[in-house]
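*Asks:* File work-v8.pdb below, PDB, C-alpha atoms:
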```pdb
ATOM      1  CA  MET A  55     106.383 -19.835 -50.671
ATOM      2  CA  ASP A  56     105.429 -21.371 -54.041
ATOM      3  CA  LYS A  57     103.844 -19.541 -56.965
ATOM      4  CA  SER A  58     100.243 -20.192 -55.857
ATOM      5  CA  ASP A  59     101.015 -18.850 -52.400
ATOM      6  CA  GLN A  60     102.563 -15.762 -53.932
ATOM      7  CA  VAL A  61      99.528 -15.091 -56.148
ATOM      8  CA  LEU A  62      97.147 -15.422 -53.191
ATOM      9  CA  GLU A  63      99.300 -13.069 -51.118
ATOM     10  CA  GLU A  64      99.378 -10.497 -53.940
ATOM     11  CA  LEU A  65      95.587 -10.602 -54.254
ATOM     12  CA  LEU A  66      95.105 -10.091 -50.501
ATOM     13  CA  LEU A  67      97.386  -7.064 -50.675
ATOM     14  CA  ASN A  68      95.705  -5.578 -53.739
ATOM     15  CA  ASP A  69      93.403  -2.593 -53.034
ATOM     16  CA  GLU A  70      91.587  -2.982 -56.365
ATOM     17  CA  PHE A  71      90.974  -6.697 -55.826
ATOM     18  CA  ILE A  72      89.479  -6.128 -52.383
ATOM     19  CA  GLY A  73      87.444  -3.226 -53.777
ATOM     20  CA  TRP A  74      86.113  -5.489 -56.515
ATOM     21  CA  VAL A  75      85.089  -8.159 -53.997
ATOM     22  CA  LEU A  76      83.428  -5.818 -51.484
ATOM     23  CA  ASP A  77      82.161  -3.007 -53.716
ATOM     24  CA  PRO A  78      82.150  -4.116 -57.373
ATOM     25  CA  ASN A  79      81.533  -1.757 -60.270
ATOM     26  CA  PRO A  80      81.503  -2.261 -64.078
ATOM     27  CA  THR A  81      85.122  -1.145 -64.469
ATOM     28  CA  LEU A  82      86.443  -3.502 -61.795
ATOM     29  CA  ASN A  83      84.229  -6.337 -63.042
ATOM     30  CA  GLN A  84      85.610  -5.996 -66.558
ATOM     31  CA  TYR A  85      89.209  -5.840 -65.349
ATOM     32  CA  TRP A  86      89.085  -8.900 -63.062
ATOM     33  CA  GLN A  87      87.005 -10.983 -65.464
ATOM     34  CA  GLN A  88      89.594 -10.287 -68.141
ATOM     35  CA  TRP A  89      92.387 -11.059 -65.644
ATOM     36  CA  GLN A  90      90.838 -14.476 -64.937
ATOM     37  CA  SER A  91      90.447 -15.138 -68.653
ATOM     38  CA  ASP A  92      94.119 -14.323 -69.135
ATOM     39  CA  HIS A  93      95.079 -16.587 -66.207
ATOM     40  CA  PRO A  94      92.693 -19.575 -66.321
ATOM     41  CA  ASP A  95      95.006 -21.579 -64.045
ATOM     42  CA  ARG A  96      94.413 -19.067 -61.240
ATOM     43  CA  LYS A  97      90.622 -19.171 -61.031
ATOM     44  CA  MET A  98      90.675 -21.413 -57.953
ATOM     45  CA  ILE A  99      93.106 -19.024 -56.269
ATOM     46  CA  VAL A 100      90.781 -16.103 -57.044
ATOM     47  CA  LEU A 101      87.839 -17.962 -55.504
ATOM     48  CA  GLU A 102      89.859 -18.673 -52.364
ATOM     49  CA  ALA A 103      91.043 -15.071 -52.173
ATOM     50  CA  ARG A 104      87.459 -13.807 -52.549
ATOM     51  CA  ARG A 105      86.308 -16.076 -49.740
ATOM     52  CA  LEU A 106      89.090 -14.865 -47.458
ATOM     53  CA  VAL A 107      88.237 -11.229 -48.191
ATOM     54  CA  TYR A 108      84.598 -11.899 -47.272
ATOM     55  CA  GLN A 109      85.769 -13.541 -44.053
ATOM     56  CA  MET A 110      88.030 -10.604 -43.248
ATOM     57  CA  ASN A 111      85.207  -8.146 -43.864
ATOM     58  CA  ALA A 112      82.842 -10.134 -41.661
ATOM     59  CA  ASN A 113      85.423  -9.933 -38.865
ATOM     60  CA  GLY A 114      85.706  -6.167 -39.146
ATOM     61  CA  GLN A 115      88.827  -6.019 -41.331
ATOM     62  CA  ASN A 116      87.628  -3.629 -44.045
ATOM     63  CA  LYS A 117      91.047  -2.452 -45.190
ATOM     64  CA  PRO A 118      93.735  -4.249 -47.199
ATOM     65  CA  LEU A 119      96.269  -6.066 -45.091
ATOM     66  CA  HIS A 120      99.846  -4.832 -44.857
ATOM     67  CA  GLU A 121     102.463  -7.015 -46.494
ATOM     68  CA  GLN A 122     104.053  -7.745 -43.130
ATOM     69  CA  GLU A 123     100.724  -9.037 -41.819
ATOM     70  CA  VAL A 124     100.224 -11.345 -44.780
ATOM     71  CA  GLN A 125     103.789 -12.623 -44.431
ATOM     72  CA  GLN A 126     103.071 -13.363 -40.774
ATOM     73  CA  MET A 127     100.048 -15.361 -41.851
ATOM     74  CA  TRP A 128     102.039 -17.382 -44.350
ATOM     75  CA  GLN A 129     104.782 -17.996 -41.824
ATOM     76  CA  ALA A 130     102.261 -19.266 -39.307
ATOM     77  CA  LEU A 131     100.733 -21.426 -42.022
ATOM     78  CA  GLN A 132     104.036 -22.925 -43.086
ATOM     79  CA  ASN A 133     105.123 -23.614 -39.511
ATOM     80  CA  ARG A 134     101.919 -25.477 -38.757
ATOM     81  CA  HIS A 135     101.136 -27.382 -41.938
ATOM     82  CA  THR A 136     104.124 -27.822 -44.245
ATOM     83  CA  GLU A 137     105.299 -31.064 -42.623
ATOM     84  CA  ASN A 138     101.801 -32.604 -42.756
ATOM     85  CA  TYR A 139     101.400 -32.655 -46.536
ATOM     86  CA  THR A 140     101.438 -35.988 -48.351
ATOM     87  CA  LYS A 141     103.257 -36.341 -51.644
ATOM     88  CA  ASN A 142     101.132 -39.225 -52.940
ATOM     89  CA  ASP A 143      97.828 -37.503 -53.575
ATOM     90  CA  LYS A 144      98.301 -34.117 -55.284
ATOM     91  CA  ARG A 145      94.590 -33.326 -55.371
ATOM     92  CA  LEU A 146      94.119 -34.123 -51.680
ATOM     93  CA  GLN A 147      97.230 -32.131 -50.815
ATOM     94  CA  THR A 148      95.943 -29.079 -52.689
ATOM     95  CA  ARG A 149      92.510 -29.317 -51.104
ATOM     96  CA  TRP A 150      93.840 -29.569 -47.556
ATOM     97  CA  TYR A 151      96.396 -26.882 -48.319
ATOM     98  CA  TRP A 152      93.712 -24.290 -49.031
ATOM     99  CA  ILE A 153      91.673 -25.360 -46.010
ATOM    100  CA  ALA A 154      94.741 -25.062 -43.806
ATOM    101  CA  ALA A 155      95.615 -21.728 -45.410
ATOM    102  CA  SER A 156      92.157 -20.361 -44.690
ATOM    103  CA  ILE A 157      92.212 -21.482 -41.066
ATOM    104  CA  SER A 158      95.716 -20.166 -40.452
ATOM    105  CA  ILE A 159      95.029 -16.801 -42.046
ATOM    106  CA  LEU A 160      91.837 -16.347 -40.030
ATOM    107  CA  LEU A 161      93.576 -17.340 -36.791
ATOM    108  CA  VAL A 162      96.418 -14.883 -37.307
ATOM    109  CA  LEU A 163      93.961 -12.238 -38.502
ATOM    110  CA  GLY A 164      92.018 -12.599 -35.255
ATOM    111  CA  VAL A 165      95.163 -11.872 -33.255
ATOM    112  CA  LEU A 166      95.969  -8.870 -35.435
ATOM    113  CA  LEU A 167      92.452  -7.487 -35.066
ATOM    114  CA  VAL A 168      92.620  -7.716 -31.271
ATOM    115  CA  THR A 169      96.001  -5.967 -31.343
ATOM    116  CA  ARG A 170      94.670  -3.168 -33.532
ATOM    117  CA  ILE A 171      91.657  -2.636 -31.273
ATOM    118  CA  ASN A 172      93.939  -2.269 -28.253
ATOM    119  CA  GLU A 173      96.363   0.121 -29.937
ATOM    120  CA  PRO A 174      95.952   3.732 -28.760
ATOM    121  CA  VAL A 175      94.815   6.353 -31.263
ATOM    122  CA  ILE A 176      97.552   8.958 -31.828
ATOM    123  CA  ILE A 177      96.684  12.577 -32.631
ATOM    124  CA  THR A 178      99.341  14.460 -34.580
ATOM    125  CA  HIS A 179      99.713  18.144 -35.453
ATOM    126  CA  GLN A 180     102.427  19.126 -37.913
ATOM    127  CA  THR A 181     103.668  22.044 -39.964
ATOM    128  CA  THR A 182     105.276  22.261 -43.376
ATOM    129  CA  TYR A 183     108.342  24.286 -44.366
ATOM    130  CA  GLY A 184     107.890  27.986 -43.643
ATOM    131  CA  GLU A 185     104.681  27.444 -41.636
ATOM    132  CA  THR A 186     103.874  27.980 -37.950
ATOM    133  CA  ARG A 187     100.749  26.666 -36.222
ATOM    134  CA  TYR A 188      99.025  27.358 -32.911
ATOM    135  CA  VAL A 189      97.665  24.248 -31.199
ATOM    136  CA  VAL A 190      95.469  24.093 -28.095
ATOM    137  CA  LEU A 191      95.843  20.820 -26.192
ATOM    138  CA  PRO A 192      92.895  19.091 -24.477
ATOM    139  CA  ASP A 193      93.872  20.565 -21.075
ATOM    140  CA  SER A 194      93.951  24.107 -22.572
ATOM    141  CA  SER A 195      97.754  24.197 -22.609
ATOM    142  CA  SER A 196      98.975  25.762 -25.843
ATOM    143  CA  VAL A 197     101.737  24.934 -28.284
ATOM    144  CA  LEU A 198     103.128  27.093 -31.062
ATOM    145  CA  LEU A 199     104.778  24.843 -33.638
ATOM    146  CA  ASN A 200     107.667  26.194 -35.665
ATOM    147  CA  ALA A 201     108.111  25.218 -39.320
ATOM    148  CA  ASN A 202     108.834  21.592 -40.242
ATOM    149  CA  SER A 203     107.748  20.350 -36.810
ATOM    150  CA  SER A 204     105.189  18.035 -35.236
ATOM    151  CA  ILE A 205     103.707  17.032 -31.894
ATOM    152  CA  ALA A 206     101.847  13.826 -31.118
ATOM    153  CA  TYR A 207      99.805  12.579 -28.172
ATOM    154  CA  GLN A 208      97.261   9.875 -27.418
ATOM    155  CA  GLU A 209      93.561  10.491 -27.956
ATOM    156  CA  ASP A 210      92.755   9.557 -24.333
ATOM    157  CA  TRP A 211      95.214  12.204 -23.116
ATOM    158  CA  LEU A 212      92.854  13.741 -20.550
ATOM    159  CA  GLN A 213      92.110  10.353 -18.974
ATOM    160  CA  ALA A 214      95.811   9.494 -18.510
ATOM    161  CA  THR A 215      97.548  10.007 -15.174
ATOM    162  CA  GLU A 216     100.313  11.972 -16.927
ATOM    163  CA  ARG A 217     100.215  14.397 -19.846
ATOM    164  CA  LYS A 218     102.707  13.251 -22.495
ATOM    165  CA  VAL A 219     103.608  14.869 -25.812
ATOM    166  CA  THR A 220     106.253  13.836 -28.348
ATOM    167  CA  LEU A 221     107.990  16.641 -30.253
ATOM    168  CA  THR A 222     109.932  16.587 -33.496
ATOM    169  CA  GLY A 223     111.310  19.938 -34.635
ATOM    170  CA  GLU A 224     110.698  23.040 -32.519
ATOM    171  CA  ALA A 225     107.830  24.369 -30.416
ATOM    172  CA  PHE A 226     107.030  26.822 -27.647
ATOM    173  CA  PHE A 227     104.886  25.386 -24.828
ATOM    174  CA  ASP A 228     102.646  27.287 -22.429
ATOM    175  CA  VAL A 229     101.574  24.595 -19.969
ATOM    176  CA  HIS A 230      98.611  24.997 -17.626
ATOM    177  CA  HIS A 231      98.832  23.689 -14.094
ATOM    178  CA  THR A 232      96.045  21.210 -13.264
ATOM    179  CA  LYS A 233      94.118  20.951 -10.004
ATOM    180  CA  ASP A 234      95.260  17.368  -9.544
ATOM    181  CA  HIS A 235      98.910  18.396 -10.174
ATOM    182  CA  ARG A 236      99.341  16.081 -13.149
ATOM    183  CA  ARG A 237     102.800  16.302 -14.586
ATOM    184  CA  PHE A 238     103.424  17.332 -18.192
ATOM    185  CA  PHE A 239     106.138  15.599 -20.241
ATOM    186  CA  VAL A 240     107.665  16.539 -23.574
ATOM    187  CA  HIS A 241     109.622  13.695 -25.157
ATOM    188  CA  ALA A 242     112.318  15.097 -27.438
ATOM    189  CA  ASN A 243     114.800  12.604 -28.816
ATOM    190  CA  ALA A 244     116.870  11.247 -25.918
ATOM    191  CA  VAL A 245     115.614  13.789 -23.365
ATOM    192  CA  THR A 246     112.305  14.214 -21.555
ATOM    193  CA  VAL A 247     111.213  17.627 -20.244
ATOM    194  CA  GLU A 248     109.092  17.364 -17.105
ATOM    195  CA  VAL A 249     106.968  20.306 -15.956
ATOM    196  CA  LEU A 250     103.963  21.188 -13.797
ATOM    197  CA  GLY A 251     103.107  24.594 -15.236
ATOM    198  CA  THR A 252     105.387  26.914 -17.167
ATOM    199  CA  SER A 253     106.411  28.212 -20.605
ATOM    200  CA  PHE A 254     109.480  27.083 -22.490
ATOM    201  CA  ASN A 255     110.940  26.488 -25.950
ATOM    202  CA  VAL A 256     112.135  23.063 -27.097
ATOM    203  CA  LEU A 257     114.259  22.405 -30.181
ATOM    204  CA  ASN A 258     114.727  18.801 -31.298
ATOM    205  CA  ARG A 259     116.607  18.579 -34.613
ATOM    206  CA  ARG A 260     119.728  16.933 -36.025
ATOM    207  CA  ASP A 261     120.374  14.863 -32.867
ATOM    208  CA  ARG A 262     120.432  18.071 -30.802
ATOM    209  CA  THR A 263     117.900  18.784 -28.062
ATOM    210  CA  GLN A 264     117.777  22.321 -26.697
ATOM    211  CA  VAL A 265     115.486  23.726 -24.027
ATOM    212  CA  VAL A 266     115.112  27.422 -23.168
ATOM    213  CA  LEU A 267     112.986  28.210 -20.113
ATOM    214  CA  LYS A 268     110.972  31.424 -20.082
ATOM    215  CA  GLU A 269     108.880  31.030 -16.919
ATOM    216  CA  GLY A 270     108.467  28.490 -14.140
ATOM    217  CA  GLU A 271     110.647  25.475 -13.560
ATOM    218  CA  VAL A 272     111.339  22.328 -15.580
ATOM    219  CA  LYS A 273     113.370  19.198 -15.082
ATOM    220  CA  LEU A 274     115.293  17.406 -17.828
ATOM    221  CA  ARG A 275     115.624  13.657 -17.649
ATOM    222  CA  ALA A 276     117.736  11.598 -20.039
ATOM    223  CA  VAL A 277     116.488   8.359 -21.547
ATOM    224  CA  ARG A 278     119.979   6.859 -21.097
ATOM    225  CA  SER A 279     122.348   7.508 -18.208
ATOM    226  CA  GLU A 280     125.343   8.098 -20.491
ATOM    227  CA  ILE A 281     123.640  11.225 -21.833
ATOM    228  CA  LEU A 282     123.000  12.825 -18.438
ATOM    229  CA  GLN A 283     124.495  11.564 -15.187
ATOM    230  CA  SER A 284     121.573  13.084 -13.252
ATOM    231  CA  ASP A 285     118.427  15.137 -13.838
ATOM    232  CA  ILE A 286     118.856  18.840 -14.605
ATOM    233  CA  THR A 287     116.566  21.417 -13.006
ATOM    234  CA  MET A 288     116.243  24.599 -15.045
ATOM    235  CA  HIS A 289     115.332  28.113 -13.933
ATOM    236  CA  PRO A 290     113.915  31.001 -16.001
ATOM    237  CA  GLY A 291     116.345  32.484 -18.495
ATOM    238  CA  GLU A 292     118.452  29.335 -18.780
ATOM    239  CA  LEU A 293     119.378  27.191 -21.777
ATOM    240  CA  VAL A 294     120.314  23.530 -21.757
ATOM    241  CA  ALA A 295     121.594  21.953 -24.970
ATOM    242  CA  ILE A 296     122.351  18.250 -25.330
ATOM    243  CA  GLU A 297     124.121  16.773 -28.342
ATOM    244  CA  GLY A 298     125.467  13.264 -28.074
ATOM    245  CA  SER A 299     127.127  13.005 -24.670
ATOM    246  CA  ASN A 300     127.812  16.751 -24.499
ATOM    247  CA  CYS A 301     125.629  18.946 -22.318
ATOM    248  CA  ILE A 302     125.827  22.694 -21.690
ATOM    249  CA  GLN A 303     123.766  24.871 -19.354
ATOM    250  CA  HIS A 304     123.985  28.657 -19.085
ATOM    251  CA  PRO A 305     121.856  31.831 -18.896
ATOM    252  CA  VAL A 306     120.641  33.355 -22.166
ATOM    253  CA  SER A 307     118.386  36.053 -23.548
ATOM    254  CA  VAL A 308     115.110  34.194 -24.100
ATOM    255  CA  GLU A 309     114.095  36.710 -26.783
ATOM    256  CA  TYR A 310     116.893  35.422 -29.022
ATOM    257  CA  TYR A 311     115.533  31.848 -28.976
ATOM    258  CA  THR A 312     111.841  32.733 -29.260
ATOM    259  CA  ALA A 313     112.105  35.399 -31.974
ATOM    260  CA  TRP A 314     110.595  32.950 -34.458
ATOM    261  CA  MET A 315     107.281  33.355 -32.614
ATOM    262  CA  GLN A 316     107.245  37.007 -33.741
ATOM    263  CA  ASP A 317     108.223  35.987 -37.296
ATOM    264  CA  GLU A 318     111.802  37.128 -36.837
ATOM    265  CA  HIS A 319     115.282  35.669 -36.873
ATOM    266  CA  ILE A 320     117.740  37.163 -34.392
ATOM    267  CA  PHE A 321     121.380  36.232 -34.911
ATOM    268  CA  ASP A 322     123.980  36.943 -32.235
ATOM    269  CA  GLY A 323     127.383  35.599 -33.193
ATOM    270  CA  THR A 324     125.690  32.873 -35.221
ATOM    271  CA  THR A 325     127.971  30.996 -37.614
ATOM    272  CA  ILE A 326     127.175  30.669 -41.303
ATOM    273  CA  ALA A 327     127.079  26.901 -40.740
ATOM    274  CA  GLU A 328     124.286  27.368 -38.180
ATOM    275  CA  ILE A 329     122.440  29.785 -40.474
ATOM    276  CA  ALA A 330     122.665  27.248 -43.307
ATOM    277  CA  GLN A 331     121.163  24.549 -41.063
ATOM    278  CA  LEU A 332     118.357  26.892 -40.017
ATOM    279  CA  ILE A 333     117.485  27.646 -43.661
ATOM    280  CA  GLU A 334     117.374  23.940 -44.486
ATOM    281  CA  ASP A 335     115.302  23.028 -41.416
ATOM    282  CA  ILE A 336     112.802  25.895 -41.610
ATOM    283  CA  TYR A 337     112.444  26.472 -45.353
ATOM    284  CA  GLY A 338     113.441  23.120 -46.864
ATOM    285  CA  ILE A 339     116.074  24.814 -49.028
ATOM    286  CA  GLU A 340     119.425  23.122 -49.542
ATOM    287  CA  VAL A 341     122.438  25.353 -48.791
ATOM    288  CA  ARG A 342     125.877  24.751 -50.291
ATOM    289  CA  VAL A 343     128.903  26.695 -49.067
ATOM    290  CA  ALA A 344     131.655  26.580 -51.663
ATOM    291  CA  ASN A 345     134.464  27.671 -49.351
ATOM    292  CA  LYS A 346     134.403  25.705 -46.097
ATOM    293  CA  SER A 347     136.354  28.420 -44.307
ATOM    294  CA  LEU A 348     133.203  30.562 -44.492
ATOM    295  CA  LEU A 349     131.282  28.151 -42.256
ATOM    296  CA  HIS A 350     132.918  29.494 -39.084
ATOM    297  CA  LYS A 351     132.293  33.180 -39.764
ATOM    298  CA  LYS A 352     129.889  34.709 -37.233
ATOM    299  CA  PHE A 353     126.987  36.986 -38.036
ATOM    300  CA  THR A 354     124.941  39.325 -35.844
ATOM    301  CA  GLY A 355     121.730  40.845 -37.126
ATOM    302  CA  ARG A 356     117.952  40.791 -37.224
ATOM    303  CA  VAL A 357     115.736  39.887 -40.164
ATOM    304  CA  ASP A 358     112.087  39.139 -40.930
ATOM    305  CA  ARG A 359     111.398  35.386 -41.321
ATOM    306  CA  GLY A 360     109.695  35.970 -44.650
ATOM    307  CA  ASP A 361     112.599  37.967 -46.084
ATOM    308  CA  LEU A 362     115.320  35.482 -47.004
ATOM    309  CA  ASN A 363     116.587  37.863 -49.674
ATOM    310  CA  GLY A 364     117.120  40.448 -46.959
ATOM    311  CA  LEU A 365     119.170  37.936 -44.959
ATOM    312  CA  PHE A 366     121.224  37.010 -48.013
ATOM    313  CA  GLY A 367     121.820  40.697 -48.733
ATOM    314  CA  GLN A 368     123.139  41.305 -45.220
ATOM    315  CA  LEU A 369     125.435  38.273 -45.391
ATOM    316  CA  GLU A 370     126.779  39.380 -48.778
ATOM    317  CA  LYS A 371     127.477  42.880 -47.473
ATOM    318  CA  VAL A 372     129.130  41.853 -44.189
ATOM    319  CA  PHE A 373     131.317  39.050 -45.544
ATOM    320  CA  GLN A 374     131.734  40.162 -49.188
ATOM    321  CA  LEU A 375     129.981  37.041 -50.428
ATOM    322  CA  SER A 376     128.080  36.013 -53.519
ATOM    323  CA  ILE A 377     124.819  34.212 -52.734
ATOM    324  CA  GLU A 378     122.761  32.730 -55.551
ATOM    325  CA  GLN A 379     119.424  30.950 -55.195
ATOM    326  CA  LYS A 380     118.174  28.514 -57.816
ATOM    327  CA  GLU A 381     114.712  27.306 -56.768
ATOM    328  CA  GLN A 382     115.360  25.041 -53.723
ATOM    329  CA  LEU A 383     119.151  25.455 -53.763
ATOM    330  CA  VAL A 384     121.257  28.292 -52.327
ATOM    331  CA  ILE A 385     124.937  28.565 -53.190
ATOM    332  CA  ILE A 386     127.197  30.691 -50.990
ATOM    333  CA  GLN A 387     130.666  31.528 -52.294
TER     334      GLN A 387
END
```
Turn the structure described in the file into structure tokens.

*Replies:*
Amino acid sequence: MDKSDQVLEELLLNDEFIGWVLDPNPTLNQYWQQWQSDHPDRKMIVLEARRLVYQMNANGQNKPLHEQEVQQMWQALQNRHTENYTKNDKRLQTRWYWIAASISILLVLGVLLVTRINEPVIITHQTTYGETRYVVLPDSSSVLLNANSSIAYQEDWLQATERKVTLTGEAFFDVHHTKDHRRFFVHANAVTVEVLGTSFNVLNRRDRTQVVLKEGEVKLRAVRSEILQSDITMHPGELVAIEGSNCIQHPVSVEYYTAWMQDEHIFDGTTIAEIAQLIEDIYGIEVRVANKSLLHKKFTGRVDRGDLNGLFGQLEKVFQLSIEQKEQLVIIQ
């Protein structure tokens, strides 16, 4: 791509330039008039860019293009027209170059517009550090999102033959059974949880997927066969945790894994390493443990989610530690 091509691409990617063309104001007028005065050799490029913006707007493209889209246009242009240029008539070459550029950009733009129209609209709900949020899905199923988590689903969810949700982080699902028996799927990393109607907790962080079933029955299905050799059917009071190619399944106390819903943390033989990860994931606070031998020490206790100082106090007392917090950093030694 030569310098003229690069300038045209930069203009088509520039929010202020497109704003000036489609919705001019005195400030933008002054800026771009001065810009053209400072770059008199680029006036023809500006005219071509303005024309292309008008064409894009007429075709329904009222937002700046992404760089990747513009690069696709230029690639299509170069593939089609580079070999057809003549070296003998510079003026004719330049004229046909801009005509070819316009046609190529509009052709590729048409394809991109059709693709965008056909793309499904995704609805996303997410929480920040330290926040929980209650979400009611279109079928009246409910989701309680833990901190630093998100769920996403398509806008036409109710019209789909299957109910699908993608989870990042942690959430508790209370799924309603439908009259037409439509299945409900939670996609979490490399595992999909399939359910008809039940309540369960899903954790999907740090390449670890963990499901705890409270009521009903769910089936776990791996995206790749090397993760799970076969589907796993869970029963109430069971936990399944998958990390890499390792999978464990055993009965647990559901209260321990859903305490966050009551704004509590319950620790039962939880290592300091696991507590450090929880603090980072839920509160966005970095934890540094000076002595690595401390990471394997196990702690049992109960603490309010909003009382990190209380947790630190208990850890200091039980293990004779010194814990210091400096803004978003905690040092344990």

*Asks:* Using all atoms listed in the file, list the residues that have an atom at most 12 Å from (94.0, -16.4, -61.7), coordinates as in the file, as number ranges by chain.

*Replies:* A: 57-62, 64-65, 71, 86-104

*Asks:* For the residues in that selection, give me C-alpha atoms as a PDB file, keeping the file's coordinate frame.

*Replies:*
```pdb
ATOM      1  CA  LYS A  57     103.844 -19.541 -56.965  1.00  0.00           C
ATOM      2  CA  SER A  58     100.243 -20.192 -55.857  1.00  0.00           C
ATOM      3  CA  ASP A  59     101.015 -18.850 -52.400  1.00  0.00           C
ATOM      4  CA  GLN A  60     102.563 -15.762 -53.932  1.00  0.00           C
ATOM      5  CA  VAL A  61      99.528 -15.091 -56.148  1.00  0.00           C
ATOM      6  CA  LEU A  62      97.147 -15.422 -53.191  1.00  0.00           C
ATOM      7  CA  GLU A  64      99.378 -10.497 -53.940  1.00  0.00           C
ATOM      8  CA  LEU A  65      95.587 -10.602 -54.254  1.00  0.00           C
ATOM      9  CA  PHE A  71      90.974  -6.697 -55.826  1.00  0.00           C
ATOM     10  CA  TRP A  86      89.085  -8.900 -63.062  1.00  0.00           C
ATOM     11  CA  GLN A  87      87.005 -10.983 -65.464  1.00  0.00           C
ATOM     12  CA  GLN A  88      89.594 -10.287 -68.141  1.00  0.00           C
ATOM     13  CA  TRP A  89      92.387 -11.059 -65.644  1.00  0.00           C
ATOM     14  CA  GLN A  90      90.838 -14.476 -64.937  1.00  0.00           C
ATOM     15  CA  SER A  91      90.447 -15.138 -68.653  1.00  0.00           C
ATOM     16  CA  ASP A  92      94.119 -14.323 -69.135  1.00  0.00           C
ATOM     17  CA  HIS A  93      95.079 -16.587 -66.207  1.00  0.00           C
ATOM     18  CA  PRO A  94      92.693 -19.575 -66.321  1.00  0.00           C
ATOM     19  CA  ASP A  95      95.006 -21.579 -64.045  1.00  0.00           C
ATOM     20  CA  ARG A  96      94.413 -19.067 -61.240  1.00  0.00           C
ATOM     21  CA  LYS A  97      90.622 -19.171 -61.031  1.00  0.00           C
ATOM     22  CA  MET A  98      90.675 -21.413 -57.953  1.00  0.00           C
ATOM     23  CA  ILE A  99      93.106 -19.024 -56.269  1.00  0.00           C
ATOM     24  CA  VAL A 100      90.781 -16.103 -57.044  1.00  0.00           C
ATOM     25  CA  LEU A 101      87.839 -17.962 -55.504  1.00  0.00           C
ATOM     26  CA  GLU A 102      89.859 -18.673 -52.364  1.00  0.00           C
ATOM     27  CA  ALA A 103      91.043 -15.071 -52.173  1.00  0.00           C
ATOM     28  CA  ARG A 104      87.459 -13.807 -52.549  1.00  0.00           C
TER      29      ARG A 104
END
```

*Asks:* Would you mind reading off the distance between atom CA of A:Phe321 and atom CA of A:Val306, one decimal, in Å?

*Replies:*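 The value is 13.1 Å.
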
*Asks:* Within 8 Å of A:Gly223, counting all atoms listed in the file, which residues qualify if same-chain residues fewer than 2 places away don't, as a ChimeraX atom specification?

*Replies:* /A:200-204,221,225,257-259

*Asks:* Please list as number ranges by chain every residue within 9 Å of A:Gly355, counting all atoms listed in the file and excluding residues in the same chain fewer than 4 positions away.

*Replies:* A: 319-323, 365, 368

*Asks:* Between A:Ile326, A:Ile386, A:Leu362, A:Leu267, which has the minimum distance to A:Asn345 (counting only C-alpha atoms)?

*Replies:*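 Looking at the shortest contact to A:Asn345, the residue is A:Ile386.
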
*Asks:* Could you jot down the atom CA of A:Tyr183 to atom CA of A:Glu328 separation for me, Å, one decimal place?

*Replies:*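 Computing the Euclidean distance for atom CA of A:Tyr183 and atom CA of A:Glu328 yields 17.4 Å.
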
*Asks:* Spell out the residues picked by the PyMOL selection byres ((chain A and resi 357) around 6) here, as an MDAnalysis selection string.

*Replies:* chainID A and resid 318:319 356 358

*Asks:* Please evaluate the PyMOL selection byres ((chain A and resi 379) around 10) against the structure above and give the resulting residues as a JSON list (two decimals) with C-alpha atoms, in the frame of the given file.

*Replies:*
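part.json was written with the following content:
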```
[["chain", "number", "residue", "atom", "x", "y", "z"],
["A", 339, "ILE", "CA", 116.07, 24.81, -49.03],
["A", 340, "GLU", "CA", 119.42, 23.12, -49.54],
["A", 341, "VAL", "CA", 122.44, 25.35, -48.79],
["A", 363, "ASN", "CA", 116.59, 37.86, -49.67],
["A", 366, "PHE", "CA", 121.22, 37.01, -48.01],
["A", 377, "ILE", "CA", 124.82, 34.21, -52.73],
["A", 378, "GLU", "CA", 122.76, 32.73, -55.55],
["A", 380, "LYS", "CA", 118.17, 28.51, -57.82],
["A", 381, "GLU", "CA", 114.71, 27.31, -56.77],
["A", 382, "GLN", "CA", 115.36, 25.04, -53.72],
["A", 383, "LEU", "CA", 119.15, 25.46, -53.76],
["A", 384, "VAL", "CA", 121.26, 28.29, -52.33],
["A", 385, "ILE", "CA", 124.94, 28.56, -53.19],
["A", 386, "ILE", "CA", 127.20, 30.69, -50.99]]
```

*Asks:* Starting from the incomplete input, reconstruct N, CA, C and O atoms of stretch 187-191 of chain A and write that as a compact mmCIF listing (two decimals), in the coordinates of the input.

*Replies:*
```txt
# COMPACT_ATOMS: atom_id res chain seq x y z
N ARG A 187 102.14 27.01 -36.54
CA ARG A 187 100.75 26.67 -36.22
C ARG A 187 100.54 26.70 -34.72
O ARG A 187 101.36 26.20 -33.95
N TYR A 188 99.41 27.27 -34.32
CA TYR A 188 99.02 27.36 -32.91
C TYR A 188 98.09 26.20 -32.59
O TYR A 188 97.08 26.00 -33.26
N VAL A 189 98.44 25.42 -31.57
CA VAL A 189 97.66 24.25 -31.20
C VAL A 189 97.25 24.36 -29.73
O VAL A 189 98.07 24.66 -28.87
N VAL A 190 95.97 24.13 -29.47
CA VAL A 190 95.47 24.09 -28.10
C VAL A 190 95.27 22.63 -27.70
O VAL A 190 94.52 21.90 -28.36
N LEU A 191 95.95 22.20 -26.65
CA LEU A 191 95.84 20.82 -26.19
C LEU A 191 94.56 20.61 -25.39
O LEU A 191 93.92 21.58 -24.96
```
